[in-house]
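Report on the following structure.
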Amino acid sequence: MRIDLHGVSKRFGRLAALDDLTLAIEPGRRVALIGPNGSGKSTLTRVLMGIVSFEGDIRLDGRDVRRERASLARGLAYVPQVAPQLGASVDEVVRSICAIRRIGTDEVRVLAERLGLDIGAAGRKPFRALSGGMKQKLLIALALAPEASLLILDEPTASLDAAARQVFYELVAERAGHATLLLCSHRLEEVRHLVDHVIGLHGGRIAYDGPVGDYLGARSHAVIEVYVSCAGHEPWLRDCGFRPGAGRGWARTVSHGDKLALVRQLTTVLKGDLENLVVRDLDLVEDPAAIAEAAWPDRPGCKQEGLA
Ligand SMILES: Nc1ncnc2c1ncn2[C@@H]1O[C@H](COP(=O)(O)OP(=O)(O)OP(=O)(O)O)[C@@H](O)[C@H]1O
Ligand SMILES: [Mg+2]
């Protein structure tokens with residue numbers, strides 16, 4: 001589904017949650033919508049679906065979301081950031097959504113099970129009595145079961161445990177098909193394999209609109225930890241910008257662009273003395289003190305020293 005916004009604003013009283021956005025998203029594009037808390041990500045997803053009022057013009061596949069909201073809704077699947085507080089039982093929620101979407105309940109059951117939620121066991125509970133992670137699993141299963149042409153996932157993994165997060169990424173890769181995907185996330189490093197494009201919002205305005213690789217290349221960092229069996233490498237490691245951490249470990253941060261070259265250099269120079277090499281991509285921390293802290297969180301003073 002193609003998305004076109006022209007001069008879109010959304011005000012809550014005096015606050016402009018969205019401020020004159022003009023934007024085009026090609027059909028089939030997989031977009032990460034990123035930005036700090038309060039930057040307008042969820043509001044953008046809601047105006048796109050026509051579920052809150054707005055100024056300006058929004059078209060999905062050329063159709064006006066205000067006038068054709070009901071018919072456009074058939075092609076949409078949505079996981080909200082905050083689950084609705086439904087009093088209906090889990091079974092009732094599943095049955096009614098499956099009836100509206102014309103899909104079998106078994107499909108939802110299978111997807112939920114893969115995420116670690118047993119709908120059979122939870123069936124009689126009121127939906128609102130599920131834990132945050134269980135609600136999110138059910139909403140994800142309900143969104144991914146039908147074929148949609150626009151999939152809007154608003155921080156869908158925020159309450160999921162690590163195992164369910166992993167399954168979620170597999171399911172999106174399997175099921176998104178040719179759908180346009182809009183994924184709000186604070187973990188771009190984690191979702192980058194699912195997306196080809198980034199839209200960054202700041203204060204309700206577009207701060208970035210371009211390929212994910214360019215965004216990460218310019219802004220993201222990795223921490224490289226090196227463990228060596230021989231103290232003789234210490235001067236060379238220091239020259240390369242490494243600092244000692246706990247035990248025999250050495251660490252430094254590098255930009256995304258320099259990461260591979262440094263890993264190659266380490267394996268070439270340290271050869272058989274290299275006991276272990278750990279490369280951790282950092283979420284986008286642009287504050288250098290936060291980067292140093294991430295390299296050796298247990299080590300007092302790393303903030304002041306700063307890692308290169
Ligand atoms: N219903 C509402 N009434 C009043 N203000 C609102 C409402 N919904 C959102 N806002 C305000 O609009 C701004 C954008 O909110 P939004 O929820 O879109 O941010 P977000 O980027 O999704 O943030 P987060 O990362 O915390 O989810 C915020 O200042 C928020 O307080
Ligand atoms: Mg939000």
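Labels used: A, B, ... for chains in the order of the structure tokens, numbers from 1 for residues in each chain, and numbers from 1 for ligands as shown.
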
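Environment of ligand 1, defined as every protein or nucleic acid residue with an atom within 6 Å of it and counting only C-alpha atoms and all ligand atoms, comprises Phe12, Ala17, Pro36, Asn37, Gly38, Ser39, Gly40, Lys41, Ser42 and Thr43 of chain A.
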
Exercise. Write out as a ChimeraX atom specification all residues of stretch 47-252 of chain A that DSSP puts in alpha helix (DSSP H) for this structure's backbone.
Key: /A:47-48,69-73,90-101,105-114,119-122,132-144,162-175,188-191,212-219,234-239

Self-check item: Distance query A:Gly35 at most 6 Å, only C-alpha atoms, self and fewer than 2 positions along chain excluded, as a ChimeraX atom specification
Solution: /A:39,200-202

What would the file look like if the residues just selected were written as a PDB file, in the first residue's frame with C-alpha atoms?
```
ATOM      1  CA  SER A  39       8.171  12.931  18.972  1.00  0.00           C
ATOM      2  CA  GLY A 200      13.024   9.823  12.092  1.00  0.00           C
ATOM      3  CA  LEU A 201      10.686  12.222  13.867  1.00  0.00           C
ATOM      4  CA  HIS A 202      11.671  15.010  16.210  1.00  0.00           C
TER       5      HIS A 202
END
```

Quiz item: A:Cys98, A:Ala207, A:Val82, A:Leu237: which is nearest A:Asp154, counting only C-alpha atoms?
Solution: A:Val82

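Non-sequential neighbours of A:Phe127 (distance at most 9 Å, separation of 3 or more positions within a chain, only C-alpha atoms) are Pro84, Gln85, Leu86, Gly87, Ala88, Ser89, Val90, Asp91, Glu92, Val93, Ala122, Gly123, Arg124, Leu130 and Lys135 of chain A.
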
Exercise. List the neighbours of A:Glu147 out to 10 Å using only C-alpha atoms; skip same-chain residues closer than 5 positions along the sequence, and give me the result as number ranges by chain.
Key: A: 74-77, 101, 103, 175-179

Write the residues of the selection above to a file with C-alpha atoms, as a compact mmCIF listing (two decimals), in the first residue's frame.
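The file below, again-v9.txt, is the result:
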```txt
# COMPACT_ATOMS: atom_id res chain seq x y z
CA ARG A 74 -9.79 -4.11 5.65
CA GLY A 75 -6.26 -3.89 4.28
CA LEU A 76 -4.70 -2.72 7.56
CA ALA A 77 -3.29 -4.65 10.49
CA ARG A 101 -11.10 -10.38 9.17
CA ILE A 103 -9.77 -15.82 8.99
CA ARG A 175 4.47 -12.98 7.08
CA ALA A 176 4.95 -9.37 6.00
CA GLY A 177 5.09 -10.51 2.36
CA HIS A 178 4.52 -7.55 0.04
CA ALA A 179 2.85 -5.45 2.72
```

Quiz item: With only C-alpha atoms and all ligand atoms as the basis for distance, which of A:Glu155, A:Asp118, A:Asp214, A:Asp20 is at the shortest distance from ligand 2?
Solution: A:Glu155

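For stretch 26-31 of chain A, the set of protein, DNA and RNA residues having any atom at most 8 Å away, when counting only C-alpha atoms and skipping those fewer than 2 positions along the same chain, is Met1, Arg2, Ile3, Ala24, Leu33, His178, Ala179, Thr180, Leu181, Leu182, Leu183, Leu194, Val195, Asp196, His197, Val198 and Ile199 of chain A.
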
Quiz prompt | Two-atom distance - atom CA of A:Gly210, atom CA of A:Val65 (Å) | solution = 24.6 Å

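Here atom CA of A:Arg252 and atom CA of A:Ala32 stand 28.1 Å from one another.
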
Quiz item: Near A:Arg59, counting only C-alpha atoms, which residues have an atom at most 9 Å away, once you skip same-chain residues fewer than 3 positions from it, shown as a VMD selection string?
Solution: chain A and resid 2 to 6 48 62 to 66

Quiz prompt | Distance criterion (only C-alpha atoms and all ligand atoms): nearest to ligand 2 out of A:Pro126, A:Gly50, A:Gly204, A:Gly257 | solution = A:Gly204

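With only C-alpha atoms and all ligand atoms as the atoms that count, the minimum distance from ligand 2 to the choices A:Val52, A:Ala158, A:Val172, A:Val191 is reached by A:Ala158.
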
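Of the listed residues (A:Phe242, A:Gln166, A:Gly213, A:Glu174), A:Gln166 comes nearest to A:Glu190; the distances count only C-alpha atoms.
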
Exercise. Could you tell me which of A:Glu170, A:Gly133, A:His221, A:Val228 comes closest to A:Asp258 if we count only C-alpha atoms?
Key: A:His221
